[in-house]
Amino acid sequence: MRDEVSTSSTLVCDTSEVGWQTMSEPNGPDASYFDYNATAPIRPEALAAVVEAMQSVGNASSMHHPGRQAAHRVDAARRQLADLLGCSPGEIIFTSGATEANNLALRAAFTAGSPLITSPVEHPAVLETARAVTVGSPEDLVLLPVGGDGLVELDALDQVFAVRRGGVVSLMAANNETGVLTDLRVVAKAAREAGALVHTDATQLIGRLPVDVADLDVDLLSLSAHKFGGPQGVGALYVRRGSPLPHRPLLVGGGQERGWRAGTLNVAGIIGMGAAAEVAGRGLGEEAERVAALRDRLERLVVGNLPDCRINGRCDQRLPGVTSITFPGVPADAVLAAMPDVAASEGSACASGAPMPSHVLLAMGLSRADADSTIRFSLGYATTDAEIEHAAQAVNRAVTQVRAVLAEADGAR
């Protein structure tokens, strides 16, 4: 791990001393963390901001001095996040995370009798919401086809709009399992011409690549703080000013967030998200290049040394820090168990415990056996050269061991 506190150290609270100390190797000296798409390590600046905020008192809706101080800090965080997105602070609605933001967006944008267009490789927070809002009119739900490279076939949008106009298109900016990117400008152009709204689940994109919502031309955008180094349990929904959207809040009550989301604001979480957004926005392009180079090196060290394995998804159109690798005939859970010092994932952590293999990989045409033999490695801002070397050696060793055990079991039959 690196020595700089700004990128690799984690601040921990020493309750016995009620003070602060740094732990430079939070995963241990021989552990490697490759599950940033599940949750990124919290940035030290964000952690410090959260804890400092929790030491203060004040409901951001209260009119007394502590309440006004809390509201002022929430406003500052809203500006920090708006700067990262390239939007106005007034276009941001704070939520508990991207799942809530996706629910809020689709429930506001969809009207029965108009199409809700999405894809089979979306996150369950979009797919399940889409199914829920169209339960009374299932013919309104339209799933676009997906190619073997993980790209949604956007030409199919024209075919849909040739028959039905209006509605809402919801396509993720970057896939959480393969990292494959969607060309949202093409989506927005087709939608505008058909009078449709555009929503994107940008959870994996924010803080990984530069984003300008005006350039993307979307009406709604969902995000979670913990994907770019903020705290868990807080996120946001960008709502484009002027979009013809009714307020259909999931939570009703005090009317916070301009009536979009009632409930006392998570002041500490919001402040931490703002701090993470500010840090993530610094040198974002250069950081993306660094992480992409590390990802490419990991792929060379693994794919170059293990026969028959392959990378899933369009390699020239994906996030810089994500690789999905299939090891045919080698169960992913056995490989992960054989390398406990490498934290990677069989797929989306949000669907952990599910008996079915990745719906994303199945939609791309992989067999169930191959989907069950796929591991996702996701890197980020604190990943180091040493971790790449360590992980590659661990993966190569684990896959070789599992293959040997399977071959011996087959020979004994």
# chains A, B, ... in the order shown; residues from 1 in each chain; ligands from 1

$ residues_around --residues "A:Asp201" --least-positions-apart "3" --cutoff "10 Å" --atoms "only C-alpha atoms" --output "list in words"
Ala98, Thr99, Ala101, Asn102, Ala105, Glu122, His123, Ala125, Val126, Ser170, Leu171, Met172, Ala173, Ala174, Asn175, Gln204, Leu205, Ile206, Leu220, Leu221, Ser222, Leu223, Ser224 and Leu237 of chain A

$ select_by_dssp --residues "stretch 131-373 of chain A" --states "strand (DSSP E)" --output "ChimeraX atom specification"
/A:141-143,168-170,197-201,220-224,235-239,310-312,322-326,342-343

$ residues_around --residues "stretch 386-393 of chain A" --least-positions-apart "4" --cutoff "12 Å" --atoms "only C-alpha atoms" --output "mmCIF file with all heavy atoms, in the first residue's frame"
data_model
loop_
_atom_site.group_PDB
_atom_site.id
_atom_site.type_symbol
_atom_site.label_atom_id
_atom_site.label_comp_id
_atom_site.auth_asym_id
_atom_site.auth_seq_id
_atom_site.Cartn_x
_atom_site.Cartn_y
_atom_site.Cartn_z
ATOM 1 N N MET A 1 0.853 -1.202 0.000
ATOM 2 C CA MET A 1 0.000 0.000 0.000
ATOM 3 C C MET A 1 0.886 1.248 0.000
ATOM 4 O O MET A 1 1.992 1.270 0.506
ATOM 5 C CB MET A 1 -0.889 0.025 1.252
ATOM 6 C CG MET A 1 -1.767 -1.191 1.415
ATOM 7 S SD MET A 1 -3.062 -1.297 0.166
ATOM 8 C CE MET A 1 -4.142 0.014 0.745
ATOM 9 N N ARG A 2 0.352 2.329 -0.532
ATOM 10 C CA ARG A 2 1.115 3.563 -0.543
ATOM 11 C C ARG A 2 1.198 4.168 0.848
ATOM 12 O O ARG A 2 0.399 3.906 1.727
ATOM 13 C CB ARG A 2 0.431 4.564 -1.489
ATOM 14 C CG ARG A 2 0.568 4.226 -2.948
ATOM 15 C CD ARG A 2 0.019 5.374 -3.745
ATOM 16 N NE ARG A 2 -0.931 4.876 -4.708
ATOM 17 C CZ ARG A 2 -1.780 5.627 -5.356
ATOM 18 N NH1 ARG A 2 -1.808 6.904 -5.144
ATOM 19 N NH2 ARG A 2 -2.601 5.117 -6.226
ATOM 20 N N SER A 8 -4.054 6.112 0.552
ATOM 21 C CA SER A 8 -4.111 4.711 0.950
ATOM 22 C C SER A 8 -4.262 4.483 2.438
ATOM 23 O O SER A 8 -4.526 3.382 2.863
ATOM 24 C CB SER A 8 -2.840 3.994 0.474
ATOM 25 O OG SER A 8 -1.715 4.540 1.113
ATOM 26 N N GLU A 25 -2.171 0.290 6.517
ATOM 27 C CA GLU A 25 -2.490 -0.929 5.788
ATOM 28 C C GLU A 25 -3.768 -1.532 6.360
ATOM 29 O O GLU A 25 -3.731 -2.508 7.104
ATOM 30 C CB GLU A 25 -1.332 -1.924 5.865
ATOM 31 C CG GLU A 25 -0.081 -1.411 5.155
ATOM 32 C CD GLU A 25 1.084 -2.385 5.330
ATOM 33 O OE1 GLU A 25 1.266 -2.888 6.443
ATOM 34 O OE2 GLU A 25 1.775 -2.617 4.331
ATOM 35 N N ASN A 27 -6.070 -3.381 5.193
ATOM 36 C CA ASN A 27 -6.401 -4.754 4.843
ATOM 37 C C ASN A 27 -5.314 -5.736 5.250
ATOM 38 O O ASN A 27 -5.377 -6.905 4.910
ATOM 39 C CB ASN A 27 -6.640 -4.857 3.328
ATOM 40 C CG ASN A 27 -7.810 -4.002 2.897
ATOM 41 O OD1 ASN A 27 -8.849 -4.024 3.540
ATOM 42 N ND2 ASN A 27 -7.640 -3.230 1.849
ATOM 43 N N GLY A 28 -4.299 -5.245 5.959
ATOM 44 C CA GLY A 28 -3.181 -6.103 6.311
ATOM 45 C C GLY A 28 -2.086 -6.000 5.268
ATOM 46 O O GLY A 28 -2.324 -5.625 4.119
ATOM 47 N N PRO A 29 -0.853 -6.317 5.620
ATOM 48 C CA PRO A 29 0.266 -6.133 4.699
ATOM 49 C C PRO A 29 0.225 -7.036 3.486
ATOM 50 O O PRO A 29 0.831 -6.737 2.469
ATOM 51 C CB PRO A 29 1.488 -6.445 5.581
ATOM 52 C CG PRO A 29 0.946 -7.346 6.672
ATOM 53 C CD PRO A 29 -0.436 -6.843 6.925
ATOM 54 N N ASP A 30 -0.497 -8.154 3.550
ATOM 55 C CA ASP A 30 -0.504 -9.091 2.433
ATOM 56 C C ASP A 30 -1.883 -9.225 1.781
ATOM 57 O O ASP A 30 -2.115 -10.150 1.000
ATOM 58 C CB ASP A 30 -0.034 -10.478 2.906
ATOM 59 C CG ASP A 30 1.385 -10.442 3.442
ATOM 60 O OD1 ASP A 30 2.215 -9.761 2.814
ATOM 61 O OD2 ASP A 30 1.643 -11.062 4.470
ATOM 62 N N ALA A 31 -2.799 -8.333 2.101
ATOM 63 C CA ALA A 31 -4.143 -8.398 1.541
ATOM 64 C C ALA A 31 -4.277 -7.421 0.387
ATOM 65 O O ALA A 31 -3.656 -6.371 0.372
ATOM 66 C CB ALA A 31 -5.177 -8.082 2.613
ATOM 67 N N SER A 32 -5.090 -7.791 -0.592
ATOM 68 C CA SER A 32 -5.321 -6.938 -1.753
ATOM 69 C C SER A 32 -6.821 -6.785 -1.946
ATOM 70 O O SER A 32 -7.547 -7.782 -2.019
ATOM 71 C CB SER A 32 -4.692 -7.552 -3.010
ATOM 72 O OG SER A 32 -3.293 -7.682 -2.863
ATOM 73 N N TYR A 33 -7.272 -5.539 -2.059
ATOM 74 C CA TYR A 33 -8.697 -5.255 -2.192
ATOM 75 C C TYR A 33 -9.033 -4.954 -3.642
ATOM 76 O O TYR A 33 -8.540 -3.979 -4.222
ATOM 77 C CB TYR A 33 -9.089 -4.075 -1.299
ATOM 78 C CG TYR A 33 -10.578 -3.845 -1.261
ATOM 79 C CD1 TYR A 33 -11.412 -4.664 -0.509
ATOM 80 C CD2 TYR A 33 -11.162 -2.803 -1.989
ATOM 81 C CE1 TYR A 33 -12.780 -4.473 -0.479
ATOM 82 C CE2 TYR A 33 -12.531 -2.603 -1.970
ATOM 83 C CZ TYR A 33 -13.337 -3.435 -1.213
ATOM 84 O OH TYR A 33 -14.694 -3.236 -1.188
ATOM 85 N N PHE A 34 -9.887 -5.780 -4.246
ATOM 86 C CA PHE A 34 -10.278 -5.622 -5.642
ATOM 87 C C PHE A 34 -11.798 -5.711 -5.784
ATOM 88 O O PHE A 34 -12.310 -6.407 -6.651
ATOM 89 C CB PHE A 34 -9.600 -6.699 -6.503
ATOM 90 C CG PHE A 34 -8.144 -6.432 -6.741
ATOM 91 C CD1 PHE A 34 -7.186 -6.915 -5.873
ATOM 92 C CD2 PHE A 34 -7.726 -5.673 -7.823
ATOM 93 C CE1 PHE A 34 -5.833 -6.663 -6.076
ATOM 94 C CE2 PHE A 34 -6.383 -5.403 -8.045
ATOM 95 C CZ PHE A 34 -5.435 -5.904 -7.163
ATOM 96 N N VAL A 291 -5.264 4.018 -13.141
ATOM 97 C CA VAL A 291 -6.016 2.824 -12.763
ATOM 98 C C VAL A 291 -6.192 1.892 -13.959
ATOM 99 O O VAL A 291 -6.087 0.668 -13.833
ATOM 100 C CB VAL A 291 -7.380 3.223 -12.166
ATOM 101 C CG1 VAL A 291 -8.257 1.997 -11.940
ATOM 102 C CG2 VAL A 291 -7.184 3.968 -10.849
ATOM 103 N N ALA A 292 -6.429 2.464 -15.136
ATOM 104 C CA ALA A 292 -6.574 1.634 -16.339
ATOM 105 C C ALA A 292 -5.287 0.871 -16.627
ATOM 106 O O ALA A 292 -5.322 -0.307 -17.018
ATOM 107 C CB ALA A 292 -6.956 2.497 -17.537
ATOM 108 N N ALA A 293 -4.152 1.520 -16.430
ATOM 109 C CA ALA A 293 -2.867 0.850 -16.660
ATOM 110 C C ALA A 293 -2.673 -0.300 -15.675
ATOM 111 O O ALA A 293 -2.166 -1.375 -16.047
ATOM 112 C CB ALA A 293 -1.724 1.862 -16.538
ATOM 113 N N LEU A 294 -3.096 -0.103 -14.430
ATOM 114 C CA LEU A 294 -3.001 -1.177 -13.442
ATOM 115 C C LEU A 294 -3.921 -2.331 -13.816
ATOM 116 O O LEU A 294 -3.544 -3.510 -13.714
ATOM 117 C CB LEU A 294 -3.355 -0.642 -12.051
ATOM 118 C CG LEU A 294 -2.358 0.318 -11.394
ATOM 119 C CD1 LEU A 294 -2.922 0.870 -10.093
ATOM 120 C CD2 LEU A 294 -1.019 -0.365 -11.140
ATOM 121 N N ARG A 295 -5.130 -2.008 -14.241
ATOM 122 C CA ARG A 295 -6.084 -3.039 -14.660
ATOM 123 C C ARG A 295 -5.526 -3.858 -15.827
ATOM 124 O O ARG A 295 -5.592 -5.091 -15.842
ATOM 125 C CB ARG A 295 -7.398 -2.370 -15.046
ATOM 126 C CG ARG A 295 -8.585 -3.284 -15.390
ATOM 127 C CD ARG A 295 -8.667 -3.631 -16.866
ATOM 128 N NE ARG A 295 -8.388 -2.552 -17.764
ATOM 129 C CZ ARG A 295 -9.257 -1.615 -18.163
ATOM 130 N NH1 ARG A 295 -10.482 -1.628 -17.719
ATOM 131 N NH2 ARG A 295 -8.888 -0.680 -19.019
ATOM 132 N N ASP A 296 -4.959 -3.156 -16.812
ATOM 133 C CA ASP A 296 -4.395 -3.843 -17.981
ATOM 134 C C ASP A 296 -3.239 -4.757 -17.577
ATOM 135 O O ASP A 296 -3.077 -5.859 -18.125
ATOM 136 C CB ASP A 296 -3.916 -2.827 -19.010
ATOM 137 C CG ASP A 296 -5.061 -2.060 -19.647
ATOM 138 O OD1 ASP A 296 -6.221 -2.476 -19.485
ATOM 139 O OD2 ASP A 296 -4.795 -1.017 -20.290
ATOM 140 N N ARG A 297 -2.461 -4.306 -16.614
ATOM 141 C CA ARG A 297 -1.341 -5.125 -16.154
ATOM 142 C C ARG A 297 -1.833 -6.385 -15.454
ATOM 143 O O ARG A 297 -1.299 -7.482 -15.658
ATOM 144 C CB ARG A 297 -0.465 -4.300 -15.208
ATOM 145 C CG ARG A 297 0.807 -5.012 -14.765
ATOM 146 C CD ARG A 297 1.645 -4.087 -13.937
ATOM 147 N NE ARG A 297 2.788 -4.779 -13.351
ATOM 148 C CZ ARG A 297 3.362 -4.408 -12.218
ATOM 149 N NH1 ARG A 297 2.908 -3.362 -11.557
ATOM 150 N NH2 ARG A 297 4.401 -5.067 -11.742
ATOM 151 N N LEU A 298 -2.875 -6.230 -14.643
ATOM 152 C CA LEU A 298 -3.462 -7.395 -13.974
ATOM 153 C C LEU A 298 -3.956 -8.401 -15.004
ATOM 154 O O LEU A 298 -3.723 -9.609 -14.878
ATOM 155 C CB LEU A 298 -4.609 -6.955 -13.067
ATOM 156 C CG LEU A 298 -5.387 -8.077 -12.372
ATOM 157 C CD1 LEU A 298 -4.488 -8.833 -11.397
ATOM 158 C CD2 LEU A 298 -6.612 -7.512 -11.648
ATOM 159 N N GLU A 299 -4.617 -7.925 -16.044
ATOM 160 C CA GLU A 299 -5.119 -8.817 -17.081
ATOM 161 C C GLU A 299 -3.984 -9.553 -17.789
ATOM 162 O O GLU A 299 -4.082 -10.758 -18.050
ATOM 163 C CB GLU A 299 -5.949 -8.025 -18.086
ATOM 164 C CG GLU A 299 -7.283 -7.555 -17.531
ATOM 165 C CD GLU A 299 -8.086 -6.747 -18.523
ATOM 166 O OE1 GLU A 299 -7.491 -6.258 -19.518
ATOM 167 O OE2 GLU A 299 -9.308 -6.581 -18.315
ATOM 168 N N ARG A 300 -2.906 -8.818 -18.086
ATOM 169 C CA ARG A 300 -1.769 -9.470 -18.766
ATOM 170 C C ARG A 300 -1.165 -10.557 -17.891
ATOM 171 O O ARG A 300 -0.825 -11.646 -18.376
ATOM 172 C CB ARG A 300 -0.704 -8.428 -19.131
ATOM 173 C CG ARG A 300 -1.096 -7.497 -20.271
ATOM 174 C CD ARG A 300 0.109 -6.738 -20.791
ATOM 175 N NE ARG A 300 0.731 -5.910 -19.758
ATOM 176 C CZ ARG A 300 0.398 -4.646 -19.510
ATOM 177 N NH1 ARG A 300 -0.575 -4.076 -20.210
ATOM 178 N NH2 ARG A 300 1.012 -3.951 -18.571
ATOM 179 N N LEU A 301 -1.025 -10.274 -16.608
ATOM 180 C CA LEU A 301 -0.397 -11.235 -15.706
ATOM 181 C C LEU A 301 -1.268 -12.461 -15.464
ATOM 182 O O LEU A 301 -0.760 -13.551 -15.203
ATOM 183 C CB LEU A 301 -0.076 -10.554 -14.369
ATOM 184 C CG LEU A 301 1.041 -9.498 -14.403
ATOM 185 C CD1 LEU A 301 1.135 -8.777 -13.058
ATOM 186 C CD2 LEU A 301 2.375 -10.139 -14.758
ATOM 187 N N VAL A 302 -2.567 -12.291 -15.548
ATOM 188 C CA VAL A 302 -3.474 -13.427 -15.327
ATOM 189 C C VAL A 302 -3.742 -14.168 -16.628
ATOM 190 O O VAL A 302 -3.485 -15.373 -16.746
ATOM 191 C CB VAL A 302 -4.799 -12.947 -14.689
ATOM 192 C CG1 VAL A 302 -5.814 -14.088 -14.644
ATOM 193 C CG2 VAL A 302 -4.545 -12.412 -13.286
ATOM 194 N N VAL A 303 -4.261 -13.462 -17.623
ATOM 195 C CA VAL A 303 -4.623 -14.103 -18.888
ATOM 196 C C VAL A 303 -3.391 -14.660 -19.594
ATOM 197 O O VAL A 303 -3.447 -15.712 -20.240
ATOM 198 C CB VAL A 303 -5.367 -13.108 -19.799
ATOM 199 C CG1 VAL A 303 -5.697 -13.739 -21.156
ATOM 200 C CG2 VAL A 303 -6.646 -12.619 -19.116
ATOM 201 N N GLY A 304 -2.260 -13.984 -19.452
ATOM 202 C CA GLY A 304 -1.039 -14.442 -20.108
ATOM 203 C C GLY A 304 -0.440 -15.685 -19.489
ATOM 204 O O GLY A 304 0.389 -16.355 -20.110
ATOM 205 N N ASN A 305 -0.857 -16.017 -18.264
ATOM 206 C CA ASN A 305 -0.272 -17.166 -17.568
ATOM 207 C C ASN A 305 -1.247 -18.312 -17.341
ATOM 208 O O ASN A 305 -0.833 -19.388 -16.907
ATOM 209 C CB ASN A 305 0.290 -16.713 -16.215
ATOM 210 C CG ASN A 305 1.570 -15.909 -16.367
ATOM 211 O OD1 ASN A 305 2.634 -16.457 -16.652
ATOM 212 N ND2 ASN A 305 1.473 -14.599 -16.189
ATOM 213 N N LEU A 306 -2.513 -18.090 -17.611
ATOM 214 C CA LEU A 306 -3.509 -19.136 -17.407
ATOM 215 C C LEU A 306 -4.195 -19.441 -18.734
ATOM 216 O O LEU A 306 -4.828 -18.559 -19.320
ATOM 217 C CB LEU A 306 -4.549 -18.695 -16.377
ATOM 218 C CG LEU A 306 -4.069 -18.571 -14.933
ATOM 219 C CD1 LEU A 306 -5.150 -17.949 -14.072
ATOM 220 C CD2 LEU A 306 -3.670 -19.939 -14.375
ATOM 221 N N GLY A 321 -11.164 0.738 -14.200
ATOM 222 C CA GLY A 321 -10.748 -0.144 -13.115
ATOM 223 C C GLY A 321 -11.521 -1.429 -12.974
ATOM 224 O O GLY A 321 -11.593 -1.978 -11.872
ATOM 225 N N LEU A 336 -12.084 -18.140 -5.262
ATOM 226 C CA LEU A 336 -12.078 -17.104 -4.226
ATOM 227 C C LEU A 336 -11.730 -17.696 -2.863
ATOM 228 O O LEU A 336 -11.008 -17.078 -2.067
ATOM 229 C CB LEU A 336 -13.437 -16.407 -4.172
ATOM 230 C CG LEU A 336 -13.785 -15.554 -5.401
ATOM 231 C CD1 LEU A 336 -15.233 -15.078 -5.326
ATOM 232 C CD2 LEU A 336 -12.838 -14.368 -5.520
ATOM 233 N N MET A 339 -8.005 -18.155 -2.388
ATOM 234 C CA MET A 339 -7.159 -16.955 -2.261
ATOM 235 C C MET A 339 -7.833 -15.952 -1.319
ATOM 236 O O MET A 339 -8.255 -14.877 -1.743
ATOM 237 C CB MET A 339 -6.886 -16.328 -3.628
ATOM 238 C CG MET A 339 -8.113 -16.053 -4.473
ATOM 239 S SD MET A 339 -7.654 -15.219 -6.033
ATOM 240 C CE MET A 339 -9.267 -14.603 -6.534
ATOM 241 N N PRO A 340 -7.923 -16.296 -0.036
ATOM 242 C CA PRO A 340 -8.618 -15.445 0.931
ATOM 243 C C PRO A 340 -7.967 -14.094 1.140
ATOM 244 O O PRO A 340 -8.584 -13.199 1.729
ATOM 245 C CB PRO A 340 -8.574 -16.287 2.219
ATOM 246 C CG PRO A 340 -7.398 -17.189 2.054
ATOM 247 C CD PRO A 340 -7.362 -17.515 0.585
ATOM 248 N N ASP A 341 -6.729 -13.925 0.667
ATOM 249 C CA ASP A 341 -6.054 -12.643 0.830
ATOM 250 C C ASP A 341 -6.305 -11.705 -0.348
ATOM 251 O O ASP A 341 -5.687 -10.643 -0.444
ATOM 252 C CB ASP A 341 -4.546 -12.849 1.013
ATOM 253 C CG ASP A 341 -3.937 -13.715 -0.072
ATOM 254 O OD1 ASP A 341 -4.689 -14.295 -0.877
ATOM 255 O OD2 ASP A 341 -2.689 -13.821 -0.119
ATOM 256 N N VAL A 342 -7.218 -12.079 -1.250
ATOM 257 C CA VAL A 342 -7.616 -11.207 -2.348
ATOM 258 C C VAL A 342 -9.121 -11.032 -2.279
ATOM 259 O O VAL A 342 -9.876 -12.006 -2.358
ATOM 260 C CB VAL A 342 -7.215 -11.783 -3.724
ATOM 261 C CG1 VAL A 342 -7.757 -10.894 -4.848
ATOM 262 C CG2 VAL A 342 -5.697 -11.902 -3.827
ATOM 263 N N ALA A 343 -9.572 -9.807 -2.126
ATOM 264 C CA ALA A 343 -11.001 -9.520 -2.046
ATOM 265 C C ALA A 343 -11.512 -9.172 -3.433
ATOM 266 O O ALA A 343 -11.299 -8.067 -3.923
ATOM 267 C CB ALA A 343 -11.260 -8.367 -1.083
ATOM 268 N N ALA A 344 -12.155 -10.129 -4.083
ATOM 269 C CA ALA A 344 -12.781 -9.916 -5.380
ATOM 270 C C ALA A 344 -14.206 -10.435 -5.284
ATOM 271 O O ALA A 344 -14.670 -10.811 -4.207
ATOM 272 C CB ALA A 344 -11.992 -10.619 -6.485
ATOM 273 N N PHE A 377 -12.894 -8.294 -10.911
ATOM 274 C CA PHE A 377 -11.879 -7.561 -10.168
ATOM 275 C C PHE A 377 -12.110 -6.077 -10.449
ATOM 276 O O PHE A 377 -12.147 -5.660 -11.609
ATOM 277 C CB PHE A 377 -10.467 -7.951 -10.615
ATOM 278 C CG PHE A 377 -10.153 -9.420 -10.448
ATOM 279 C CD1 PHE A 377 -10.441 -10.321 -11.457
ATOM 280 C CD2 PHE A 377 -9.561 -9.887 -9.284
ATOM 281 C CE1 PHE A 377 -10.163 -11.670 -11.321
ATOM 282 C CE2 PHE A 377 -9.273 -11.242 -9.125
ATOM 283 C CZ PHE A 377 -9.580 -12.135 -10.149
ATOM 284 N N SER A 378 -12.269 -5.295 -9.393
ATOM 285 C CA SER A 378 -12.465 -3.855 -9.587
ATOM 286 C C SER A 378 -11.465 -3.080 -8.730
ATOM 287 O O SER A 378 -11.316 -3.331 -7.538
ATOM 288 C CB SER A 378 -13.900 -3.452 -9.268
ATOM 289 O OG SER A 378 -14.352 -3.982 -8.045
ATOM 290 N N LEU A 379 -10.761 -2.166 -9.385
ATOM 291 C CA LEU A 379 -9.678 -1.393 -8.786
ATOM 292 C C LEU A 379 -10.142 0.034 -8.549
ATOM 293 O O LEU A 379 -11.189 0.445 -9.030
ATOM 294 C CB LEU A 379 -8.464 -1.362 -9.711
ATOM 295 C CG LEU A 379 -7.746 -2.630 -10.142
ATOM 296 C CD1 LEU A 379 -8.624 -3.584 -10.927
ATOM 297 C CD2 LEU A 379 -6.501 -2.275 -10.960
ATOM 298 N N GLY A 380 -9.315 0.805 -7.851
ATOM 299 C CA GLY A 380 -9.675 2.192 -7.615
ATOM 300 C C GLY A 380 -8.528 3.060 -7.172
ATOM 301 O O GLY A 380 -7.357 2.736 -7.376
ATOM 302 N N ALA A 382 -6.943 3.797 -4.516
ATOM 303 C CA ALA A 382 -5.869 3.400 -3.608
ATOM 304 C C ALA A 382 -5.136 2.143 -4.050
ATOM 305 O O ALA A 382 -4.241 1.659 -3.351
ATOM 306 C CB ALA A 382 -6.422 3.203 -2.195
ATOM 307 N N ARG A 397 -2.148 -18.934 -8.832
ATOM 308 C CA ARG A 397 -1.946 -20.077 -7.937
ATOM 309 C C ARG A 397 -3.279 -20.743 -7.597
ATOM 310 O O ARG A 397 -3.402 -21.976 -7.632
ATOM 311 C CB ARG A 397 -1.241 -19.605 -6.669
ATOM 312 C CG ARG A 397 -0.922 -20.720 -5.669
ATOM 313 C CD ARG A 397 -0.035 -20.209 -4.544
ATOM 314 N NE ARG A 397 -0.637 -19.101 -3.828
ATOM 315 C CZ ARG A 397 -0.198 -17.833 -3.883
ATOM 316 N NH1 ARG A 397 0.868 -17.541 -4.620
ATOM 317 N NH2 ARG A 397 -0.801 -16.882 -3.203
ATOM 318 N N ALA A 398 -4.295 -19.939 -7.302
ATOM 319 C CA ALA A 398 -5.587 -20.492 -6.900
ATOM 320 C C ALA A 398 -6.260 -21.248 -8.047
ATOM 321 O O ALA A 398 -6.783 -22.357 -7.853
ATOM 322 C CB ALA A 398 -6.506 -19.365 -6.405
ATOM 323 N N VAL A 399 -6.261 -20.661 -9.236
ATOM 324 C CA VAL A 399 -6.883 -21.329 -10.381
ATOM 325 C C VAL A 399 -6.166 -22.637 -10.693
ATOM 326 O O VAL A 399 -6.791 -23.665 -10.958
ATOM 327 C CB VAL A 399 -6.901 -20.404 -11.605
ATOM 328 C CG1 VAL A 399 -7.361 -21.161 -12.861
ATOM 329 C CG2 VAL A 399 -7.807 -19.205 -11.360
ATOM 330 N N THR A 400 -4.826 -22.618 -10.642
ATOM 331 C CA THR A 400 -4.044 -23.833 -10.904
ATOM 332 C C THR A 400 -4.365 -24.911 -9.873
ATOM 333 O O THR A 400 -4.535 -26.094 -10.217
ATOM 334 C CB THR A 400 -2.551 -23.500 -10.886
ATOM 335 O OG1 THR A 400 -2.274 -22.530 -11.902
ATOM 336 C CG2 THR A 400 -1.714 -24.744 -11.149
#

$ residues_around --residues "stretch 129-131 of chain A" --least-positions-apart "3" --cutoff "9 Å" --atoms "only C-alpha atoms" --output "ChimeraX atom specification"
/A:102-103,106-107,110,116-118,124-126,134-135,138,141

$ closest_residue --among "A:Val322, A:Leu144, A:Val50, A:Ala77" --to "A:Ile92" --atoms "only C-alpha atoms"
A:Ala77

$ select_by_dssp --residues "stretch 113-336 of chain A" --states "alpha helix (DSSP H)" --output "ChimeraX atom specification"
/A:124-133,155-163,184-194,213-216,267-280,284-303,332-336

$ residues_around --residues "A:Leu197" --least-positions-apart "6" --cutoff "9 Å" --atoms "only C-alpha atoms" --output "ChimeraX atom specification"
/A:109,166-170,188,191,218-220,243-244

$ residues_around --residues "A:Glu153" --least-positions-apart "6" --cutoff "12 Å" --atoms "only C-alpha atoms" --output "PyMOL selection string"
chain A and resi 118-121+143-147+159-160+171+182-183+186-187+364

$ closest_residue --among "A:Glu100, A:Asp149, A:Glu286, A:Glu346" --to "A:Asn312" --atoms "only C-alpha atoms"
A:Asp149

$ residues_around --residues "A:Ala70" --least-positions-apart "6" --cutoff "7 Å" --atoms "only C-alpha atoms" --output "PyMOL selection string"
chain A and resi 58-60+267

$ closest_residue --among "A:Arg208, A:His199, A:Arg258, A:Arg185" --to "A:Gly285" --atoms "only C-alpha atoms"
A:Arg208

$ closest_residue --among "A:Ala277, A:Ala214, A:Asn396, A:Arg314" --to "A:Ala76" --atoms "only C-alpha atoms"
A:Ala277

$ closest_residue --among "A:Ala409, A:Val402, A:Leu151, A:Ala334" --to "A:Ala363" --atoms "only C-alpha atoms"
A:Leu151

$ closest_residue --among "A:Val395, A:Val360, A:Ala404, A:Ile271" --to "A:Cys309" --atoms "only C-alpha atoms"
A:Val395
